[in-house]
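Source file: coords-v3.txt (compact mmCIF, N, CA and C atoms)
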# COMPACT_ATOMS: atom_id res chain seq x y z
N MET A 1 0.84 -1.19 0.00
CA MET A 1 0.00 0.00 0.00
C MET A 1 0.88 1.25 0.00
N GLU A 2 0.45 2.26 -0.73
CA GLU A 2 1.22 3.49 -0.86
C GLU A 2 1.21 4.26 0.46
N GLU A 3 2.38 4.71 0.87
CA GLU A 3 2.50 5.47 2.11
C GLU A 3 1.99 6.89 1.87
N ARG A 4 1.19 7.41 2.78
CA ARG A 4 0.63 8.75 2.66
C ARG A 4 1.36 9.66 3.62
N PHE A 5 1.63 10.87 3.19
CA PHE A 5 2.32 11.84 4.01
C PHE A 5 1.38 13.00 4.31
N GLN A 6 1.63 13.68 5.41
CA GLN A 6 0.75 14.76 5.86
C GLN A 6 0.60 15.85 4.79
N ASP A 7 1.69 16.24 4.13
CA ASP A 7 1.62 17.28 3.12
C ASP A 7 0.79 16.83 1.91
N GLN A 8 0.97 15.61 1.51
CA GLN A 8 0.24 15.05 0.37
C GLN A 8 -1.26 14.94 0.70
N GLU A 9 -1.57 14.45 1.89
CA GLU A 9 -2.97 14.34 2.31
C GLU A 9 -3.62 15.70 2.40
N PHE A 10 -2.86 16.70 2.86
CA PHE A 10 -3.38 18.06 2.96
C PHE A 10 -3.82 18.59 1.59
N VAL A 11 -2.95 18.43 0.59
CA VAL A 11 -3.27 18.91 -0.76
C VAL A 11 -4.52 18.21 -1.29
N GLU A 12 -4.56 16.90 -1.15
CA GLU A 12 -5.71 16.15 -1.66
C GLU A 12 -7.00 16.56 -0.95
N TYR A 13 -6.94 16.76 0.36
CA TYR A 13 -8.12 17.15 1.13
C TYR A 13 -8.67 18.50 0.66
N VAL A 14 -7.78 19.49 0.55
CA VAL A 14 -8.20 20.83 0.15
C VAL A 14 -8.75 20.83 -1.27
N VAL A 15 -8.04 20.20 -2.19
CA VAL A 15 -8.45 20.22 -3.60
C VAL A 15 -9.76 19.46 -3.80
N ARG A 16 -9.92 18.32 -3.14
CA ARG A 16 -11.17 17.57 -3.27
C ARG A 16 -12.37 18.40 -2.80
N ALA A 17 -12.15 19.28 -1.86
CA ALA A 17 -13.23 20.11 -1.33
C ALA A 17 -13.67 21.21 -2.30
N ILE A 18 -12.82 21.56 -3.28
CA ILE A 18 -13.17 22.68 -4.16
C ILE A 18 -13.48 22.29 -5.59
N VAL A 19 -13.30 21.03 -5.97
CA VAL A 19 -13.53 20.61 -7.36
C VAL A 19 -14.86 19.88 -7.50
N ASN A 20 -15.29 19.73 -8.74
CA ASN A 20 -16.53 19.00 -9.04
C ASN A 20 -16.33 17.50 -9.22
N HIS A 21 -15.08 17.09 -9.45
CA HIS A 21 -14.76 15.68 -9.65
C HIS A 21 -13.71 15.24 -8.63
N PRO A 22 -14.09 15.13 -7.35
CA PRO A 22 -13.10 14.81 -6.31
C PRO A 22 -12.44 13.45 -6.47
N ASP A 23 -13.12 12.51 -7.13
CA ASP A 23 -12.53 11.18 -7.32
C ASP A 23 -11.37 11.20 -8.32
N ASP A 24 -11.27 12.25 -9.13
CA ASP A 24 -10.19 12.37 -10.12
C ASP A 24 -8.93 13.02 -9.55
N VAL A 25 -8.98 13.48 -8.30
CA VAL A 25 -7.83 14.15 -7.70
C VAL A 25 -6.78 13.10 -7.31
N LYS A 26 -5.58 13.26 -7.83
CA LYS A 26 -4.47 12.35 -7.54
C LYS A 26 -3.22 13.19 -7.31
N THR A 27 -2.31 12.69 -6.48
CA THR A 27 -1.05 13.38 -6.26
C THR A 27 0.11 12.40 -6.35
N GLU A 28 1.26 12.94 -6.75
CA GLU A 28 2.52 12.19 -6.74
C GLU A 28 3.47 12.98 -5.85
N ARG A 29 4.23 12.28 -5.04
CA ARG A 29 5.17 12.93 -4.13
C ARG A 29 6.58 12.45 -4.44
N ILE A 30 7.46 13.40 -4.77
CA ILE A 30 8.84 13.08 -5.12
C ILE A 30 9.77 13.89 -4.22
N ILE A 31 10.81 13.24 -3.72
CA ILE A 31 11.81 13.92 -2.89
C ILE A 31 13.11 13.97 -3.67
N ASP A 32 13.71 15.16 -3.76
CA ASP A 32 15.02 15.31 -4.39
C ASP A 32 15.86 16.26 -3.55
N GLU A 33 16.97 16.72 -4.12
CA GLU A 33 17.88 17.58 -3.35
C GLU A 33 17.27 18.94 -3.02
N ARG A 34 16.24 19.35 -3.75
CA ARG A 34 15.60 20.65 -3.49
C ARG A 34 14.44 20.55 -2.51
N GLY A 35 14.06 19.35 -2.14
CA GLY A 35 12.95 19.17 -1.19
C GLY A 35 11.89 18.24 -1.75
N VAL A 36 10.67 18.48 -1.33
CA VAL A 36 9.54 17.64 -1.72
C VAL A 36 8.76 18.34 -2.83
N LEU A 37 8.42 17.61 -3.86
CA LEU A 37 7.58 18.14 -4.94
C LEU A 37 6.33 17.29 -5.00
N ILE A 38 5.18 17.94 -4.84
CA ILE A 38 3.90 17.26 -4.98
C ILE A 38 3.29 17.70 -6.29
N THR A 39 3.03 16.73 -7.17
CA THR A 39 2.40 17.02 -8.45
C THR A 39 0.93 16.66 -8.34
N LEU A 40 0.08 17.61 -8.66
CA LEU A 40 -1.36 17.45 -8.53
C LEU A 40 -1.99 17.19 -9.89
N HIS A 41 -2.80 16.15 -9.96
CA HIS A 41 -3.56 15.82 -11.18
C HIS A 41 -5.04 15.97 -10.86
N VAL A 42 -5.75 16.74 -11.69
CA VAL A 42 -7.20 16.91 -11.52
C VAL A 42 -7.88 16.74 -12.87
N ASN A 43 -9.18 16.57 -12.83
CA ASN A 43 -9.98 16.51 -14.04
C ASN A 43 -9.80 17.83 -14.79
N PRO A 44 -9.59 17.82 -16.11
CA PRO A 44 -9.39 19.06 -16.86
C PRO A 44 -10.51 20.09 -16.65
N GLU A 45 -11.73 19.63 -16.41
CA GLU A 45 -12.84 20.55 -16.17
C GLU A 45 -12.67 21.31 -14.86
N ASP A 46 -11.89 20.78 -13.93
CA ASP A 46 -11.70 21.40 -12.62
C ASP A 46 -10.46 22.29 -12.54
N MET A 47 -9.71 22.39 -13.62
CA MET A 47 -8.46 23.15 -13.61
C MET A 47 -8.69 24.60 -13.16
N GLY A 48 -9.76 25.21 -13.61
CA GLY A 48 -10.04 26.60 -13.23
C GLY A 48 -10.30 26.77 -11.74
N TYR A 49 -10.94 25.78 -11.12
CA TYR A 49 -11.19 25.85 -9.68
C TYR A 49 -9.88 25.77 -8.90
N VAL A 50 -8.96 24.95 -9.36
CA VAL A 50 -7.69 24.75 -8.66
C VAL A 50 -6.77 25.96 -8.85
N ILE A 51 -6.71 26.49 -10.04
CA ILE A 51 -5.82 27.62 -10.31
C ILE A 51 -6.43 28.92 -9.79
N GLY A 52 -7.71 29.13 -10.01
CA GLY A 52 -8.37 30.33 -9.53
C GLY A 52 -8.08 31.53 -10.39
N ARG A 53 -8.75 32.62 -10.07
CA ARG A 53 -8.59 33.85 -10.82
C ARG A 53 -7.18 34.39 -10.63
N GLN A 54 -6.48 34.57 -11.72
CA GLN A 54 -5.09 35.04 -11.75
C GLN A 54 -4.18 34.18 -10.87
N GLY A 55 -4.53 32.90 -10.72
CA GLY A 55 -3.68 31.98 -9.98
C GLY A 55 -3.77 32.08 -8.47
N GLN A 56 -4.75 32.81 -7.95
CA GLN A 56 -4.83 33.06 -6.52
C GLN A 56 -5.08 31.79 -5.71
N THR A 57 -5.92 30.90 -6.19
CA THR A 57 -6.22 29.69 -5.42
C THR A 57 -4.99 28.80 -5.33
N ALA A 58 -4.32 28.57 -6.46
CA ALA A 58 -3.11 27.74 -6.45
C ALA A 58 -2.03 28.37 -5.57
N ARG A 59 -1.90 29.69 -5.63
CA ARG A 59 -0.91 30.39 -4.81
C ARG A 59 -1.24 30.21 -3.32
N SER A 60 -2.51 30.27 -2.97
CA SER A 60 -2.91 30.09 -1.57
C SER A 60 -2.65 28.67 -1.08
N ILE A 61 -2.95 27.69 -1.93
CA ILE A 61 -2.68 26.30 -1.56
C ILE A 61 -1.18 26.11 -1.36
N ARG A 62 -0.37 26.69 -2.24
CA ARG A 62 1.09 26.57 -2.10
C ARG A 62 1.58 27.20 -0.79
N THR A 63 1.03 28.36 -0.45
CA THR A 63 1.42 29.03 0.79
C THR A 63 1.12 28.16 2.01
N LEU A 64 -0.10 27.62 2.07
CA LEU A 64 -0.47 26.75 3.18
C LEU A 64 0.37 25.48 3.19
N LEU A 65 0.66 24.94 2.01
CA LEU A 65 1.47 23.73 1.92
C LEU A 65 2.89 23.98 2.45
N LYS A 66 3.45 25.15 2.17
CA LYS A 66 4.78 25.48 2.68
C LYS A 66 4.77 25.53 4.22
N ILE A 67 3.66 25.99 4.81
CA ILE A 67 3.54 26.02 6.27
C ILE A 67 3.48 24.61 6.82
N VAL A 68 2.71 23.74 6.17
CA VAL A 68 2.64 22.33 6.59
C VAL A 68 4.03 21.70 6.51
N GLY A 69 4.75 22.00 5.43
CA GLY A 69 6.10 21.46 5.27
C GLY A 69 7.06 22.00 6.30
N ALA A 70 6.98 23.30 6.60
CA ALA A 70 7.87 23.91 7.58
C ALA A 70 7.66 23.29 8.96
N LYS A 71 6.44 22.93 9.25
CA LYS A 71 6.14 22.28 10.54
C LYS A 71 6.92 20.97 10.67
N ASN A 72 7.16 20.32 9.54
CA ASN A 72 7.90 19.05 9.51
C ASN A 72 9.33 19.22 9.01
N SER A 73 9.83 20.46 9.03
CA SER A 73 11.18 20.79 8.58
C SER A 73 11.47 20.32 7.16
N ALA A 74 10.51 20.50 6.28
CA ALA A 74 10.68 20.10 4.89
C ALA A 74 10.31 21.26 3.97
N ARG A 75 11.01 21.35 2.86
CA ARG A 75 10.70 22.35 1.84
C ARG A 75 9.76 21.67 0.84
N VAL A 76 8.51 22.11 0.78
CA VAL A 76 7.50 21.45 -0.05
C VAL A 76 7.00 22.41 -1.12
N ASN A 77 6.93 21.93 -2.35
CA ASN A 77 6.41 22.71 -3.47
C ASN A 77 5.28 21.95 -4.14
N LEU A 78 4.40 22.69 -4.79
CA LEU A 78 3.25 22.11 -5.49
C LEU A 78 3.32 22.45 -6.97
N LYS A 79 3.13 21.43 -7.80
CA LYS A 79 3.05 21.62 -9.25
C LYS A 79 1.69 21.10 -9.69
N VAL A 80 0.95 21.92 -10.43
CA VAL A 80 -0.34 21.50 -10.97
C VAL A 80 -0.07 20.96 -12.37
N PHE A 81 -0.34 19.69 -12.58
CA PHE A 81 -0.07 19.04 -13.86
C PHE A 81 -1.06 19.54 -14.90
N GLU A 82 -0.51 19.98 -16.04
CA GLU A 82 -1.34 20.38 -17.18
C GLU A 82 -1.01 19.47 -18.35
N PRO A 83 -1.99 18.72 -18.83
CA PRO A 83 -1.73 17.84 -19.97
C PRO A 83 -1.27 18.64 -21.18
N GLU A 84 -0.48 18.01 -22.04
CA GLU A 84 0.05 18.64 -23.25
C GLU A 84 -1.08 19.22 -24.08
N GLY A 85 -0.94 20.50 -24.45
CA GLY A 85 -1.93 21.15 -25.30
C GLY A 85 -3.15 21.65 -24.58
N SER A 86 -3.18 21.60 -23.25
CA SER A 86 -4.37 22.02 -22.53
C SER A 86 -4.41 23.53 -22.30
N ARG A 87 -3.29 24.20 -22.41
CA ARG A 87 -3.22 25.62 -22.12
C ARG A 87 -3.59 26.43 -23.36
N ARG A 88 -4.60 27.29 -23.21
CA ARG A 88 -4.98 28.18 -24.30
C ARG A 88 -4.17 29.47 -24.17
N SER A 89 -3.96 30.14 -25.28
CA SER A 89 -3.21 31.39 -25.22
C SER A 89 -4.03 32.45 -24.50
N ARG A 90 -3.37 33.44 -23.93
CA ARG A 90 -4.07 34.51 -23.22
C ARG A 90 -4.97 35.28 -24.19
N GLN A 91 -4.53 35.41 -25.43
CA GLN A 91 -5.34 36.13 -26.41
C GLN A 91 -6.65 35.42 -26.66
N ALA A 92 -6.62 34.12 -26.71
CA ALA A 92 -7.84 33.36 -26.96
C ALA A 92 -8.78 33.45 -25.77
N MET A 93 -8.24 33.64 -24.56
CA MET A 93 -9.06 33.68 -23.36
C MET A 93 -9.57 35.08 -23.05
N ALA A 94 -8.85 36.14 -23.49
CA ALA A 94 -9.21 37.51 -23.14
C ALA A 94 -10.43 37.96 -23.96
N PRO A 95 -11.42 38.55 -23.29
CA PRO A 95 -12.58 39.06 -24.02
C PRO A 95 -12.18 40.29 -24.82
N GLN A 96 -12.77 40.45 -25.98
CA GLN A 96 -12.45 41.58 -26.83
C GLN A 96 -13.43 42.71 -26.53
N GLY A 97 -12.89 43.90 -26.29
CA GLY A 97 -13.72 45.07 -25.99
C GLY A 97 -14.34 45.61 -27.26
N GLU A 98 -15.25 46.56 -27.08
CA GLU A 98 -15.93 47.15 -28.22
C GLU A 98 -14.94 47.90 -29.10
N GLY A 99 -14.97 47.62 -30.37
CA GLY A 99 -14.10 48.29 -31.32
C GLY A 99 -12.72 47.66 -31.45
N GLN A 100 -12.41 46.67 -30.61
CA GLN A 100 -11.11 46.01 -30.72
C GLN A 100 -11.23 44.80 -31.62
N GLN A 101 -10.19 44.55 -32.36
CA GLN A 101 -10.15 43.37 -33.20
C GLN A 101 -9.26 42.33 -32.55
N ALA A 102 -9.62 41.07 -32.70
CA ALA A 102 -8.80 39.99 -32.15
C ALA A 102 -7.52 39.87 -32.96
N ALA A 103 -6.39 39.80 -32.27
CA ALA A 103 -5.12 39.62 -32.94
C ALA A 103 -4.95 38.15 -33.27
N PRO A 104 -4.32 37.82 -34.39
CA PRO A 104 -4.06 36.42 -34.69
C PRO A 104 -3.24 35.79 -33.57
N ALA A 105 -3.48 34.52 -33.31
CA ALA A 105 -2.85 33.83 -32.18
C ALA A 105 -1.33 33.79 -32.27
N ASN A 106 -0.78 33.87 -33.48
CA ASN A 106 0.68 33.77 -33.60
C ASN A 106 1.38 35.12 -33.56
N GLU A 107 0.64 36.23 -33.49
CA GLU A 107 1.24 37.55 -33.43
C GLU A 107 1.14 38.11 -32.02
N GLU A 108 2.13 38.90 -31.65
CA GLU A 108 2.12 39.53 -30.33
C GLU A 108 1.09 40.65 -30.34
N SER A 109 0.21 40.72 -29.33
CA SER A 109 -0.81 41.76 -29.31
C SER A 109 -0.32 42.94 -28.48
N VAL A 110 -0.81 44.11 -28.84
CA VAL A 110 -0.49 45.33 -28.13
C VAL A 110 -1.79 45.91 -27.62
N ASP A 111 -1.83 46.28 -26.34
CA ASP A 111 -3.04 46.84 -25.74
C ASP A 111 -3.15 48.31 -26.14
N LEU A 112 -4.16 48.62 -26.92
CA LEU A 112 -4.38 49.99 -27.38
C LEU A 112 -5.55 50.63 -26.67
N SER A 113 -6.06 50.03 -25.62
CA SER A 113 -7.27 50.52 -24.96
C SER A 113 -7.09 51.89 -24.32
N ALA A 114 -5.87 52.28 -23.96
CA ALA A 114 -5.64 53.56 -23.32
C ALA A 114 -5.44 54.68 -24.33
N ILE A 115 -5.40 54.36 -25.60
CA ILE A 115 -5.17 55.36 -26.65
C ILE A 115 -6.50 55.73 -27.28
N ASP A 116 -6.75 57.04 -27.37
CA ASP A 116 -7.98 57.53 -27.99
C ASP A 116 -7.75 57.61 -29.48
N LEU A 117 -8.31 56.66 -30.22
CA LEU A 117 -8.12 56.63 -31.67
C LEU A 117 -9.26 57.36 -32.35
N GLN A 118 -8.93 58.30 -33.22
CA GLN A 118 -9.93 59.01 -34.00
C GLN A 118 -10.00 58.37 -35.38
N ILE A 119 -11.14 57.82 -35.68
CA ILE A 119 -11.28 57.13 -36.98
C ILE A 119 -12.28 57.86 -37.82

Would you write out, as structure tokens, the structure that this file holds?
Amino acid sequence: MEERFQDQEFVEYVVRAIVNHPDDVKTERIIDERGVLITLHVNPEDMGYVIGRQGQTARSIRTLLKIVGAKNSARVNLKVFEPEGSRRSRQAMAPQGEGQQAAPANEESVDLSAIDLQI
């Protein structure tokens, strides 16, 4: 049977409480010279719940996890696993304002919203 550690159980407990598919939550725990790395796997539909707006939820989980690790004199980090090709570009995710045109995905976009354009 796989040995469970307090830091790993903590991550699973918190994440299961905030996702819609708690049975899909899995973690891997690896120890190397830099400390403990916990890799979190969740259902792709739940990725937004785990990461949160501007990464705030993931950042908060990492902060609490570091406290749990410090209690046990361990340096603990969290990595949220993203399957290959799951990340959409920021341009594709950003809503387009009135009068703005969507930039092609392969070109760098420039924010012109602060410029008063006379057409």

Would you pick out the contacts of A:Ile30 at 12 Å or less, using only C-alpha atoms, so that residues sharing its chain but fewer than 2 positions from it are not included, and give the list as a PDB file with N, CA and C atoms, in the coordinates of the input?
ATOM      1  N   PHE A   5       1.630  10.870   3.190  1.00  0.00           N
ATOM      2  CA  PHE A   5       2.320  11.840   4.010  1.00  0.00           C
ATOM      3  C   PHE A   5       1.380  13.000   4.310  1.00  0.00           C
ATOM      4  N   ASP A   7       1.690  16.240   4.130  1.00  0.00           N
ATOM      5  CA  ASP A   7       1.620  17.280   3.120  1.00  0.00           C
ATOM      6  C   ASP A   7       0.790  16.830   1.910  1.00  0.00           C
ATOM      7  N   GLN A   8       0.970  15.610   1.510  1.00  0.00           N
ATOM      8  CA  GLN A   8       0.240  15.050   0.370  1.00  0.00           C
ATOM      9  C   GLN A   8      -1.260  14.940   0.700  1.00  0.00           C
ATOM     10  N   THR A  27      -2.310  12.690  -6.480  1.00  0.00           N
ATOM     11  CA  THR A  27      -1.050  13.380  -6.260  1.00  0.00           C
ATOM     12  C   THR A  27       0.110  12.400  -6.350  1.00  0.00           C
ATOM     13  N   GLU A  28       1.260  12.940  -6.750  1.00  0.00           N
ATOM     14  CA  GLU A  28       2.520  12.190  -6.740  1.00  0.00           C
ATOM     15  C   GLU A  28       3.470  12.980  -5.850  1.00  0.00           C
ATOM     16  N   ASP A  32      13.710  15.160  -3.760  1.00  0.00           N
ATOM     17  CA  ASP A  32      15.020  15.310  -4.390  1.00  0.00           C
ATOM     18  C   ASP A  32      15.860  16.260  -3.550  1.00  0.00           C
ATOM     19  N   GLU A  33      16.970  16.720  -4.120  1.00  0.00           N
ATOM     20  CA  GLU A  33      17.880  17.580  -3.350  1.00  0.00           C
ATOM     21  C   GLU A  33      17.270  18.940  -3.020  1.00  0.00           C
ATOM     22  N   ARG A  34      16.240  19.350  -3.750  1.00  0.00           N
ATOM     23  CA  ARG A  34      15.600  20.650  -3.490  1.00  0.00           C
ATOM     24  C   ARG A  34      14.440  20.550  -2.510  1.00  0.00           C
ATOM     25  N   GLY A  35      14.060  19.350  -2.140  1.00  0.00           N
ATOM     26  CA  GLY A  35      12.950  19.170  -1.190  1.00  0.00           C
ATOM     27  C   GLY A  35      11.890  18.240  -1.750  1.00  0.00           C
ATOM     28  N   VAL A  36      10.670  18.480  -1.330  1.00  0.00           N
ATOM     29  CA  VAL A  36       9.540  17.640  -1.720  1.00  0.00           C
ATOM     30  C   VAL A  36       8.760  18.340  -2.830  1.00  0.00           C
ATOM     31  N   LEU A  37       8.420  17.610  -3.860  1.00  0.00           N
ATOM     32  CA  LEU A  37       7.580  18.140  -4.940  1.00  0.00           C
ATOM     33  C   LEU A  37       6.330  17.290  -5.000  1.00  0.00           C
ATOM     34  N   ILE A  38       5.180  17.940  -4.840  1.00  0.00           N
ATOM     35  CA  ILE A  38       3.900  17.260  -4.980  1.00  0.00           C
ATOM     36  C   ILE A  38       3.290  17.700  -6.290  1.00  0.00           C
ATOM     37  N   THR A  39       3.030  16.730  -7.170  1.00  0.00           N
ATOM     38  CA  THR A  39       2.400  17.020  -8.450  1.00  0.00           C
ATOM     39  C   THR A  39       0.930  16.660  -8.340  1.00  0.00           C
ATOM     40  N   LEU A  40       0.080  17.610  -8.660  1.00  0.00           N
ATOM     41  CA  LEU A  40      -1.360  17.450  -8.530  1.00  0.00           C
ATOM     42  C   LEU A  40      -1.990  17.190  -9.890  1.00  0.00           C
ATOM     43  N   ARG A  75      11.010  21.350   2.860  1.00  0.00           N
ATOM     44  CA  ARG A  75      10.700  22.350   1.840  1.00  0.00           C
ATOM     45  C   ARG A  75       9.760  21.670   0.840  1.00  0.00           C
ATOM     46  N   VAL A  76       8.510  22.110   0.780  1.00  0.00           N
ATOM     47  CA  VAL A  76       7.500  21.450  -0.050  1.00  0.00           C
ATOM     48  C   VAL A  76       7.000  22.410  -1.120  1.00  0.00           C
ATOM     49  N   ASN A  77       6.930  21.930  -2.350  1.00  0.00           N
ATOM     50  CA  ASN A  77       6.410  22.710  -3.470  1.00  0.00           C
ATOM     51  C   ASN A  77       5.280  21.950  -4.140  1.00  0.00           C
ATOM     52  N   LEU A  78       4.400  22.690  -4.790  1.00  0.00           N
ATOM     53  CA  LEU A  78       3.250  22.110  -5.490  1.00  0.00           C
ATOM     54  C   LEU A  78       3.320  22.450  -6.970  1.00  0.00           C
ATOM     55  N   LYS A  79       3.130  21.430  -7.800  1.00  0.00           N
ATOM     56  CA  LYS A  79       3.050  21.620  -9.250  1.00  0.00           C
ATOM     57  C   LYS A  79       1.690  21.100  -9.690  1.00  0.00           C
TER      58      LYS A  79
END

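For stretch 23-96 of chain A, a DSSP pass over the backbone yields strand (DSSP E) at Lys26, Thr27, Glu28, Arg29, Ile30, Ile31, Asp32, Gly35, Val36, Leu37, Ile38, Thr39, Leu40, His41, Val76, Asn77, Leu78, Lys79 and Val80 of chain A.
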
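With distances restricted to only C-alpha atoms, A:Tyr49 is the closest residue to A:Ala17 from A:Ile31, A:Tyr49, A:Thr63, A:Lys71.
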
(message) Just the number, please: distance in Å from atom N of A:Arg29 to atom C of A:Gly48, one decimal.
(response) 21.6 Å

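Interatomic distance, atom CA of A:Asp24 to atom C of A:Glu45: 10.4 Å.
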
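The gap separating atom CA of A:Val80 from atom CA of A:Ile51 is 8.2 Å, in Å to one decimal.
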
Could you pull stretch 7-86 of chain A out of the block above and save it with C-alpha atoms, as a compact mmCIF listing (two decimals), in the first residue's frame?
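Written out: decode_26.txt:
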# COMPACT_ATOMS: atom_id res chain seq x y z
CA ASP A 7 1.62 17.28 3.12
CA GLN A 8 0.24 15.05 0.37
CA GLU A 9 -2.97 14.34 2.31
CA PHE A 10 -3.38 18.06 2.96
CA VAL A 11 -3.27 18.91 -0.76
CA GLU A 12 -5.71 16.15 -1.66
CA TYR A 13 -8.12 17.15 1.13
CA VAL A 14 -8.20 20.83 0.15
CA VAL A 15 -8.45 20.22 -3.60
CA ARG A 16 -11.17 17.57 -3.27
CA ALA A 17 -13.23 20.11 -1.33
CA ILE A 18 -13.17 22.68 -4.16
CA VAL A 19 -13.53 20.61 -7.36
CA ASN A 20 -16.53 19.00 -9.04
CA HIS A 21 -14.76 15.68 -9.65
CA PRO A 22 -13.10 14.81 -6.31
CA ASP A 23 -12.53 11.18 -7.32
CA ASP A 24 -10.19 12.37 -10.12
CA VAL A 25 -7.83 14.15 -7.70
CA LYS A 26 -4.47 12.35 -7.54
CA THR A 27 -1.05 13.38 -6.26
CA GLU A 28 2.52 12.19 -6.74
CA ARG A 29 5.17 12.93 -4.13
CA ILE A 30 8.84 13.08 -5.12
CA ILE A 31 11.81 13.92 -2.89
CA ASP A 32 15.02 15.31 -4.39
CA GLU A 33 17.88 17.58 -3.35
CA ARG A 34 15.60 20.65 -3.49
CA GLY A 35 12.95 19.17 -1.19
CA VAL A 36 9.54 17.64 -1.72
CA LEU A 37 7.58 18.14 -4.94
CA ILE A 38 3.90 17.26 -4.98
CA THR A 39 2.40 17.02 -8.45
CA LEU A 40 -1.36 17.45 -8.53
CA HIS A 41 -3.56 15.82 -11.18
CA VAL A 42 -7.20 16.91 -11.52
CA ASN A 43 -9.98 16.51 -14.04
CA PRO A 44 -9.39 19.06 -16.86
CA GLU A 45 -12.84 20.55 -16.17
CA ASP A 46 -11.70 21.40 -12.62
CA MET A 47 -8.46 23.15 -13.61
CA GLY A 48 -10.04 26.60 -13.23
CA TYR A 49 -11.19 25.85 -9.68
CA VAL A 50 -7.69 24.75 -8.66
CA ILE A 51 -5.82 27.62 -10.31
CA GLY A 52 -8.37 30.33 -9.53
CA ARG A 53 -8.59 33.85 -10.82
CA GLN A 54 -5.09 35.04 -11.75
CA GLY A 55 -3.68 31.98 -9.98
CA GLN A 56 -4.83 33.06 -6.52
CA THR A 57 -6.22 29.69 -5.42
CA ALA A 58 -3.11 27.74 -6.45
CA ARG A 59 -0.91 30.39 -4.81
CA SER A 60 -2.91 30.09 -1.57
CA ILE A 61 -2.68 26.30 -1.56
CA ARG A 62 1.09 26.57 -2.10
CA THR A 63 1.42 29.03 0.79
CA LEU A 64 -0.47 26.75 3.18
CA LEU A 65 1.47 23.73 1.92
CA LYS A 66 4.78 25.48 2.68
CA ILE A 67 3.54 26.02 6.27
CA VAL A 68 2.64 22.33 6.59
CA GLY A 69 6.10 21.46 5.27
CA ALA A 70 7.87 23.91 7.58
CA LYS A 71 6.14 22.28 10.54
CA ASN A 72 7.90 19.05 9.51
CA SER A 73 11.18 20.79 8.58
CA ALA A 74 10.68 20.10 4.89
CA ARG A 75 10.70 22.35 1.84
CA VAL A 76 7.50 21.45 -0.05
CA ASN A 77 6.41 22.71 -3.47
CA LEU A 78 3.25 22.11 -5.49
CA LYS A 79 3.05 21.62 -9.25
CA VAL A 80 -0.34 21.50 -10.97
CA PHE A 81 -0.07 19.04 -13.86
CA GLU A 82 -1.34 20.38 -17.18
CA PRO A 83 -1.73 17.84 -19.97
CA GLU A 84 0.05 18.64 -23.25
CA GLY A 85 -1.93 21.15 -25.30
CA SER A 86 -4.37 22.02 -22.53
